[in-house]
Structure formats: C-alpha cells, structure tokens
$ cat query25.cif   # mmCIF, C-alpha atoms and all ligand atoms
data_protein
loop_
_atom_site.label_atom_id
_atom_site.label_comp_id
_atom_site.auth_asym_id
_atom_site.auth_seq_id
_atom_site.Cartn_x
_atom_site.Cartn_y
_atom_site.Cartn_z
CA MET A 1 0.00 0.00 0.00
CA ALA A 2 2.70 2.51 1.06
CA LYS A 3 4.98 1.60 -1.85
CA GLU A 4 2.15 1.66 -4.40
CA THR A 5 0.86 5.04 -3.23
CA PHE A 6 4.38 6.47 -3.17
CA GLU A 7 5.00 5.29 -6.71
CA GLN A 8 1.63 6.39 -8.09
CA GLN A 9 1.14 9.68 -6.22
CA GLY A 10 4.72 10.62 -5.40
CA TYR A 11 4.18 10.69 -1.64
CA TRP A 12 3.09 8.64 1.35
CA ILE A 13 1.93 9.77 4.81
CA GLU A 14 2.82 7.58 7.76
CA ARG A 15 0.46 8.63 10.54
CA GLY A 16 1.62 8.91 14.15
CA LEU A 17 5.18 7.78 13.47
CA PHE A 18 6.49 10.06 16.26
CA SER A 19 4.78 10.37 19.65
CA GLU A 20 3.25 13.51 21.17
CA GLU A 21 6.09 13.48 23.77
CA GLU A 22 8.71 13.45 21.03
CA VAL A 23 7.23 16.36 19.08
CA ALA A 24 6.69 18.31 22.32
CA GLU A 25 10.39 17.84 23.09
CA MET A 26 11.25 19.10 19.60
CA ARG A 27 9.12 22.25 20.00
CA ASP A 28 10.98 23.02 23.19
CA HIS A 29 14.41 22.04 21.86
CA PHE A 30 14.25 24.06 18.62
CA GLY A 31 12.64 26.98 20.46
CA LYS A 32 15.81 27.14 22.60
CA MET A 33 17.99 26.90 19.49
CA ASN A 34 16.10 29.86 18.05
CA GLU A 35 16.76 31.86 21.22
CA GLU A 36 20.45 30.98 20.89
CA GLY A 37 20.40 32.45 17.37
CA ARG A 38 21.00 29.19 15.50
CA GLY A 39 18.57 30.08 12.69
CA TYR A 40 19.89 31.18 9.33
CA LEU A 41 18.23 34.01 7.44
CA GLU A 42 19.00 33.50 3.75
CA VAL A 43 16.67 36.15 2.40
CA GLU A 44 16.17 39.84 3.06
CA VAL A 45 13.17 40.48 5.26
CA GLY A 46 11.29 43.68 5.92
CA ALA A 47 10.68 45.10 9.39
CA GLY A 48 8.03 43.06 11.16
CA ASP A 49 8.46 39.97 8.96
CA PRO A 50 8.05 37.01 11.36
CA LEU A 51 10.79 35.17 9.47
CA GLY A 52 13.25 37.72 10.78
CA ILE A 53 12.57 36.45 14.31
CA TYR A 54 12.11 32.78 13.38
CA PRO A 55 14.42 31.97 10.45
CA ARG A 56 14.63 28.29 9.54
CA ILE A 57 17.49 26.28 11.05
CA MET A 58 19.62 24.69 8.34
CA MET A 59 21.51 21.42 8.71
CA PRO A 60 21.07 21.14 12.51
CA HIS A 61 22.20 17.47 12.43
CA ARG A 62 25.74 18.77 11.90
CA PHE A 63 25.84 20.28 15.40
CA ASP A 64 22.80 18.92 17.26
CA GLU A 65 22.38 15.36 18.58
CA LEU A 66 18.56 15.33 18.54
CA SER A 67 18.50 16.39 14.88
CA LEU A 68 21.05 13.71 13.95
CA ARG A 69 19.00 11.06 15.78
CA PHE A 70 15.92 12.17 13.84
CA LEU A 71 17.74 12.09 10.48
CA ILE A 72 18.86 8.48 10.87
CA ASP A 73 15.87 7.28 12.92
CA ASP A 74 15.08 3.57 12.44
CA ARG A 75 11.38 4.32 11.89
CA LEU A 76 12.15 6.65 8.98
CA ASP A 77 14.60 4.10 7.61
CA GLY A 78 11.96 1.35 7.88
CA VAL A 79 9.34 3.26 5.90
CA MET A 80 11.83 4.45 3.26
CA THR A 81 13.32 0.98 2.87
CA GLU A 82 9.80 -0.27 2.15
CA ILE A 83 8.77 2.46 -0.30
CA LEU A 84 12.12 2.82 -2.05
CA GLY A 85 13.18 -0.83 -1.97
CA GLY A 86 16.42 -0.01 -0.09
CA SER A 87 17.84 2.05 2.74
CA PRO A 88 18.50 5.68 1.67
CA VAL A 89 21.52 7.92 2.30
CA ALA A 90 20.90 10.91 4.60
CA VAL A 91 22.09 14.35 3.44
CA GLN A 92 20.15 17.21 5.02
CA THR A 93 18.03 18.46 7.91
CA MET A 94 16.01 21.67 8.25
CA PHE A 95 13.69 22.99 10.93
CA TYR A 96 10.95 25.48 9.97
CA PHE A 97 9.07 27.47 12.62
CA LYS A 98 6.59 29.16 10.28
CA PRO A 99 5.09 31.41 12.97
CA PRO A 100 1.71 33.18 12.59
CA GLY A 101 1.85 35.55 9.62
CA ALA A 102 4.94 33.94 8.03
CA ARG A 103 5.18 33.49 4.28
CA GLY A 104 5.25 30.01 2.75
CA GLN A 105 7.62 28.47 0.23
CA ALA A 106 6.60 28.57 -3.44
CA LEU A 107 6.05 25.31 -5.36
CA HIS A 108 9.34 23.60 -6.27
CA GLN A 109 11.05 20.26 -6.79
CA ASP A 110 13.77 19.34 -4.31
CA ASN A 111 16.02 17.65 -6.84
CA PHE A 112 16.44 21.07 -8.49
CA TYR A 113 18.68 21.81 -5.50
CA LEU A 114 20.03 18.42 -4.45
CA LEU A 115 20.87 17.10 -7.93
CA ALA A 116 20.90 13.49 -6.79
CA LYS A 117 21.57 11.12 -9.65
CA PRO A 118 20.95 8.53 -10.79
CA GLY A 119 17.73 8.13 -8.85
CA THR A 120 16.46 11.13 -6.94
CA CYS A 121 16.17 12.59 -3.46
CA VAL A 122 13.43 11.91 -0.93
CA GLY A 123 12.01 14.12 1.80
CA ALA A 124 10.74 12.98 5.23
CA TRP A 125 8.65 15.90 6.53
CA LEU A 126 7.66 15.54 10.19
CA ALA A 127 4.74 17.70 11.36
CA VAL A 128 5.80 19.15 14.72
CA ASP A 129 2.44 20.96 15.03
CA ASP A 130 -0.95 20.00 13.69
CA CYS A 131 -1.11 21.65 10.28
CA ASP A 132 -3.93 22.56 7.92
CA GLU A 133 -4.64 25.12 5.22
CA GLU A 134 -5.02 27.91 7.79
CA ASN A 135 -1.51 27.64 9.19
CA GLY A 136 0.09 26.80 5.84
CA CYS A 137 0.35 23.03 5.62
CA LEU A 138 2.39 21.46 2.85
CA GLN A 139 0.80 21.32 -0.62
CA VAL A 140 1.70 18.71 -3.23
CA VAL A 141 1.02 18.10 -6.92
CA PRO A 142 0.27 14.36 -7.10
CA GLY A 143 1.69 12.65 -10.18
CA SER A 144 4.40 15.27 -10.77
CA GLN A 145 7.08 12.92 -9.39
CA ASP A 146 7.51 11.38 -12.81
CA LEU A 147 8.37 14.70 -14.47
CA PRO A 148 11.95 15.83 -15.02
CA VAL A 149 13.28 18.76 -13.04
CA LEU A 150 11.38 21.69 -14.52
CA CYS A 151 12.58 25.19 -15.32
CA THR A 152 11.54 27.79 -12.78
CA ILE A 153 9.83 31.16 -13.13
CA GLU A 154 9.67 34.09 -10.73
CA ALA A 155 7.66 33.48 -7.54
CA ASP A 156 5.33 35.91 -5.79
CA THR A 157 7.53 36.94 -2.86
CA SER A 158 4.58 38.47 -1.02
CA VAL A 159 3.48 34.89 -0.24
CA SER A 160 6.79 32.99 -0.58
CA PHE A 161 10.17 33.56 1.06
CA THR A 162 11.84 31.91 -1.94
CA ASP A 163 11.88 33.76 -5.24
CA VAL A 164 11.46 31.04 -7.87
CA THR A 165 8.67 28.58 -8.51
CA VAL A 166 7.47 25.87 -10.86
CA PRO A 167 4.10 26.37 -12.55
CA VAL A 168 1.51 23.63 -12.05
CA PRO A 169 1.74 21.39 -15.14
CA PRO A 170 -1.38 21.15 -17.34
CA GLY A 171 -3.83 18.50 -16.15
CA MET A 172 -2.37 18.41 -12.63
CA SER A 173 -3.57 20.15 -9.48
CA VAL A 174 -2.30 21.29 -6.11
CA MET A 175 -3.54 19.38 -3.08
CA PRO A 176 -3.19 20.50 0.56
CA VAL A 177 -1.89 17.85 2.97
CA PRO A 178 -3.32 18.39 6.48
CA MET A 179 -1.37 16.45 9.08
CA LYS A 180 -1.32 15.86 12.83
CA ALA A 181 1.81 16.46 14.87
CA GLY A 182 3.84 13.24 14.72
CA ASP A 183 2.77 12.30 11.15
CA VAL A 184 5.51 12.06 8.53
CA LEU A 185 5.08 12.81 4.83
CA PHE A 186 7.58 11.00 2.60
CA PHE A 187 7.90 12.49 -0.87
CA ASN A 188 9.82 11.97 -4.07
CA GLY A 189 12.45 14.59 -4.95
CA SER A 190 10.73 15.43 -8.23
CA LEU A 191 7.29 15.91 -6.65
CA ILE A 192 6.21 19.55 -6.98
CA HIS A 193 5.41 20.83 -3.49
CA GLY A 194 5.45 23.97 -1.36
CA SER A 195 3.27 25.88 1.06
CA LEU A 196 1.19 29.03 1.44
CA PRO A 197 1.50 31.59 4.28
CA ASN A 198 0.49 30.89 7.86
CA MET A 199 -2.74 32.90 8.02
CA THR A 200 -3.44 32.28 11.70
CA THR A 201 -2.69 34.75 14.45
CA ASP A 202 -1.83 32.21 17.11
CA ARG A 203 -0.63 28.88 15.67
CA PHE A 204 2.92 27.98 14.58
CA ARG A 205 3.41 25.40 11.85
CA ARG A 206 6.69 23.84 12.80
CA CYS A 207 8.27 20.92 10.95
CA LEU A 208 11.50 18.96 11.00
CA ILE A 209 12.64 17.73 7.61
CA GLY A 210 15.15 15.07 6.63
CA HIS A 211 16.38 14.82 3.06
CA TYR A 212 17.87 11.66 1.60
CA VAL A 213 19.08 10.29 -1.70
CA THR A 214 18.12 6.87 -2.99
CA ALA A 215 20.66 4.05 -2.61
CA ASP A 216 21.46 4.06 -6.35
CA ALA A 217 22.58 7.72 -6.34
CA THR A 218 26.28 8.15 -6.99
CA GLU A 219 26.29 11.92 -6.69
CA VAL A 220 24.57 14.81 -4.94
CA SER A 221 25.29 18.54 -4.93
CA LYS A 222 28.45 19.42 -3.00
CA TRP A 223 26.45 21.38 -0.41
CA TYR A 224 24.98 18.14 0.97
CA HIS A 225 28.22 16.41 1.94
CA PRO A 226 29.12 14.59 4.17
CA CYS A 227 26.49 11.95 3.35
CA LEU A 228 25.45 9.40 5.96
CA ARG A 229 24.24 5.83 5.85
CA MET A 230 21.28 5.22 8.13
CA ASP A 231 23.65 3.68 10.73
CA GLY A 232 25.38 7.08 10.95
CA SER A 233 28.57 6.10 9.13
CA GLU A 234 29.83 8.32 6.31
CA ILE A 235 29.56 7.29 2.69
CA GLU A 236 31.52 8.92 -0.12
CA LEU A 237 29.38 10.19 -3.01
CA GLY A 238 30.41 12.31 -5.98
CA SER A 239 29.71 16.06 -5.94
CA ALA A 240 27.20 17.24 -8.52
CA ILE A 241 28.14 20.71 -9.67
CA GLY A 242 25.79 23.61 -9.18
CA GLY A 243 22.23 23.15 -8.11
CA GLY A 244 19.36 24.95 -9.72
CA VAL A 245 19.72 23.16 -13.06
CA CYS A 246 16.51 22.19 -14.81
CA GLY A 247 15.91 19.72 -17.57
CA GLU A 248 17.06 16.19 -18.17
CA PHE A 249 20.02 14.47 -19.76
CA VAL A 250 19.35 12.91 -23.14
CA ASN A 251 22.43 11.19 -24.60
CA ASP A 252 24.64 13.13 -22.19
CA GLU A 253 23.17 16.45 -23.30
CA LEU A 254 21.14 18.57 -20.88
CA ARG A 255 17.80 19.53 -22.38
CA LEU A 256 15.80 22.25 -20.68
CA VAL A 257 12.23 21.31 -19.91
CA GLU A 258 9.75 24.12 -19.44
CA VAL A 259 6.25 23.45 -18.19
CA SER A 260 4.80 25.08 -21.31
CA LYS A 261 6.64 22.47 -23.40
CA LEU A 262 5.42 19.41 -21.48
CA GLY A 263 3.52 17.02 -23.70
CA GLU A 264 5.40 18.16 -26.80
CA GLY A 265 7.51 15.04 -26.74
CA ASN A 266 10.68 16.76 -25.56
CA HIS A 267 11.12 14.77 -22.37
O1 LIG A 301 7.59 23.23 4.89
C1 LIG A 301 7.49 23.95 3.91
O2 LIG A 301 6.75 24.91 3.87
C2 LIG A 301 8.29 23.62 2.68
C3 LIG A 301 9.21 22.45 2.90
C4 LIG A 301 9.87 21.96 1.68
O3 LIG A 301 9.72 22.50 0.63
C5 LIG A 301 10.73 20.77 1.72
O4 LIG A 301 10.76 20.06 2.72
O5 LIG A 301 11.40 20.50 0.72
#

$ encode --input "query25.cif" --output "structure tokens" --more "lines below"
Ligand SMILES: O=C(O)CCC(=O)C(=O)O
Amino acid sequence: MAKETFEQQGYWIERGLFSEEEVAEMRDHFGKMNEEGRGYLEVEVGAGDPLGIYPRIMMPHRFDELSLRFLIDDRLDGVMTEILGGSPVAVQTMFYFKPPGARGQALHQDNFYLLAKPGTCVGAWLAVDDCDEENGCLQVVPGSQDLPVLCTIEADTSVSFTDVTVPVPPGMSVMPVPMKAGDVLFFNGSLIHGSLPNMTTDRFRRCLIGHYVTADATEVSKWYHPCLRMDGSEIELGSAIGGGVCGEFVNDELRLVEVSKLGEGNH
C-alpha cells in the first residue's frame, strides 16, 4: 500500500510515526535553538516579517544530537526501505518554525537543488504541530514525481520567502496535505510541493525535515556532503556541480524542460 501510493502519487503519509512526547520535546528544543540564534536568514526580510525572528534552522544534524537522531531514525529508515526498496543515504536536515503571519515556500522540486543522480532525493517531513490550510500546511502536486526537473519562473515573494517557482503542469492540481503532529510525509524529490503563508494569528506550523538520496545515487550537490548511511557512518558520493539546473540528460546532453513544453515530446 505505502509503496504503491508512493510510486503512483509521489508521496506517502505515515500517521503517528512520532509520539506527542517526542514532538513536544522538539518544539521546546528548537525553540531554545532559536533563542540561541542558530537560525539562518537566507533572504532579506522587511521590518516586522516574522521570518526575521524565526528563520529556519539549516543542517542542525551537523551540530545537534537530537536532529542527527531524527535524520537516521530507524522508523524513517523502515518506511523508506519499504517504499524505495532499499535504505536511503541521509544528506540534510532543516527545521521550519513558520510562525503566525509567516510566508510560505513557493512550489518547487527538491532535486532542483540536491541534484541526486541517478535516482532522486526523498524528503521525510515531520509535522511538529498540527497543520492545515489555515496555518500553511504542505501542498503537493500528485503525479508530478515522474516529471523531469522543470525550469523555474519568478515566484510571488509576497506569499513565498523563496523567489522562484514551478508552474503547475497542465492537467495536474495542487492538493493540501493536512497532518497531525507526529505524522511524517515521505515524498519523491521530483514531486512539486510547497506551502502558502500561515494565516493564523496564534498557531505555529513547525516541521523537522530530513532529506535523503536513494541508494542508487552516486552523486549529490556538494552542499549536501558529508552523506550518511542510516547507521550514521559516512559514505563517499560524488559532488554534482551547481544546483538549480533544470531539464534532463538525453544522450549526455542537458535539455531544458519548461512546463509550457510538457507534452510536446521533448522529455
Ligand atoms: O515546509 C514547507 O513549507 C516547505 C518544505 C519543503 O519545501 C521541503 O521540505 O522540501
């Protein structure tokens, strides 16, 4: 069931994989890290932008034991081994606070950034708060996991803290994914996904995210090294150059793939 859904829709939600005690500990733990100034503000924010006070924390597993334990957690490994047919390689963690009023992240594909190949990357997105459309839950475009990495266009930065996005391909639609704290959404690195702003005045939408590459990947962008097996040991992978490349390789030649050209037989 999990494997079939993951292959057909591009994602799978494992309900209640982490306990209420565990997510409560995370809220407390990352709240303290925020107070210590561990967040990383990559974009310019105006006065009063909640992201200025609660920037996301990038790669906490590199300096924080709890984040490392999450990244290589046996439960995540178990689900991914089932849906991917093999244990993945862990490459990234991020913690988002998304406080009331915060912007979301425009629709994108993760492998645009990670450049895992062959194969792709996979996200494990743990809801640390209950999330719904009001507080800006994740949104996915089911079926888009089979598309190549698409070329981006400018995003509306009044609703997104990132400035590029991928248009929704013809015939596909965006679907909100409400989740309870403790649920984990596993998604394919080519699945188009993102989120809208947190429109509430009093509810955070925190999440802890692990990113992985499939066992067949021989390279990933240099920003994601060192790479870890799920037992915590390091594994040497090649360094893909760049990040932010769209298109697909046909006979060793990179062909750009724009959404407007989908269905014209160029991919
Ligand atoms: O949590 C969000 O709003 C976006 C997260 C995301 O895009 C990701 O995990 O790749």

$ closest_residue --input "query25.cif" --among "A:His193, A:Arg56, A:Arg203, A:Arg75" --to "Tyr11 in chain A" --atoms "all atoms listed in the file"
A:His193

$ closest_atom_pairs --input "query25.cif" --of "chain A" --to "ligand LIG 301 (chain A)" --cutoff "6 Å" --atoms "all atoms listed in the file" --output "tab-separated table"
residue	atom	partner	partner_atom	distance
A:Gly104	CA	A:LIG301	O2	5.4
A:Gln105	CA	A:LIG301	O2	5.2
A:Asp110	CA	A:LIG301	O5	5.7
A:Leu138	CA	A:LIG301	O2	5.7
A:Gly194	CA	A:LIG301	O3	4.9
A:Ser195	CA	A:LIG301	O2	4.6
A:Ile209	CA	A:LIG301	O4	5.7

$ closest_residue --input "query25.cif" --among "A:Pro178, A:Leu114, A:Thr93, A:Arg206" --to "Asp28 in chain A" --atoms "all atoms listed in the file"
A:Arg206

$ atom_distance --input "query25.cif" --atom1 "CA of Leu71 in chain A" --atom2 "CA of Met94 in chain A"
10.0 Å

$ closest_atom_pairs --input "query25.cif" --of "range 53-105 of chain A" --to "range 227-240 of chain A" --cutoff "7 Å" --atoms "only C-alpha atoms" --output "JSON lines"
{"residue": "A:Ile72", "atom": "CA", "partner": "A:Met230", "partner_atom": "CA", "distance": 4.9}
{"residue": "A:Asp77", "atom": "CA", "partner": "A:Met230", "partner_atom": "CA", "distance": 6.8}
{"residue": "A:Val89", "atom": "CA", "partner": "A:Arg229", "partner_atom": "CA", "distance": 4.9}
{"residue": "A:Ala90", "atom": "CA", "partner": "A:Leu228", "partner_atom": "CA", "distance": 5.0}
{"residue": "A:Val91", "atom": "CA", "partner": "A:Cys227", "partner_atom": "CA", "distance": 5.0}

$ write_last_selection --input "query25.cif" --atoms "C-alpha atoms" --output "PDB file, keeping the file's coordinate frame"
ATOM      1  CA  ILE A  72      18.860   8.480  10.870  1.00  0.00           C
ATOM      2  CA  ASP A  77      14.600   4.100   7.610  1.00  0.00           C
ATOM      3  CA  VAL A  89      21.520   7.920   2.300  1.00  0.00           C
ATOM      4  CA  ALA A  90      20.900  10.910   4.600  1.00  0.00           C
ATOM      5  CA  VAL A  91      22.090  14.350   3.440  1.00  0.00           C
TER       6      VAL A  91
END

$ residues_near_point --input "query25.cif" --point "(-3.2, 33.2, 19.0)" --cutoff "12 Å" --atoms "all atoms listed in the file" --output "CSV table (one decimal) with C-alpha atoms, in the coordinates of the input"
chain,number,residue,atom,x,y,z
A,99,PRO,CA,5.1,31.4,13.0
A,100,PRO,CA,1.7,33.2,12.6
A,101,GLY,CA,1.8,35.6,9.6
A,135,ASN,CA,-1.5,27.6,9.2
A,198,ASN,CA,0.5,30.9,7.9
A,199,MET,CA,-2.7,32.9,8.0
A,200,THR,CA,-3.4,32.3,11.7
A,201,THR,CA,-2.7,34.8,14.4
A,202,ASP,CA,-1.8,32.2,17.1
A,203,ARG,CA,-0.6,28.9,15.7
A,204,PHE,CA,2.9,28.0,14.6

$ closest_residue --input "query25.cif" --among "A:Glu82, A:Asp64, A:Glu42, A:Asp130" --to "Ala24 in chain A" --atoms "all atoms listed in the file"
A:Asp130

$ residues_around --input "query25.cif" --residues "Ser87 in chain A" --least-positions-apart "6" --cutoff "8 Å" --atoms "all atoms listed in the file" --output "number ranges by chain"
A: 77-78, 80-81, 214-215, 230

$ closest_residue --input "query25.cif" --among "A:Met172, A:Ser160, A:Ala102, A:Ala217" --to "Pro50 in chain A" --atoms "all atoms listed in the file"
A:Ala102
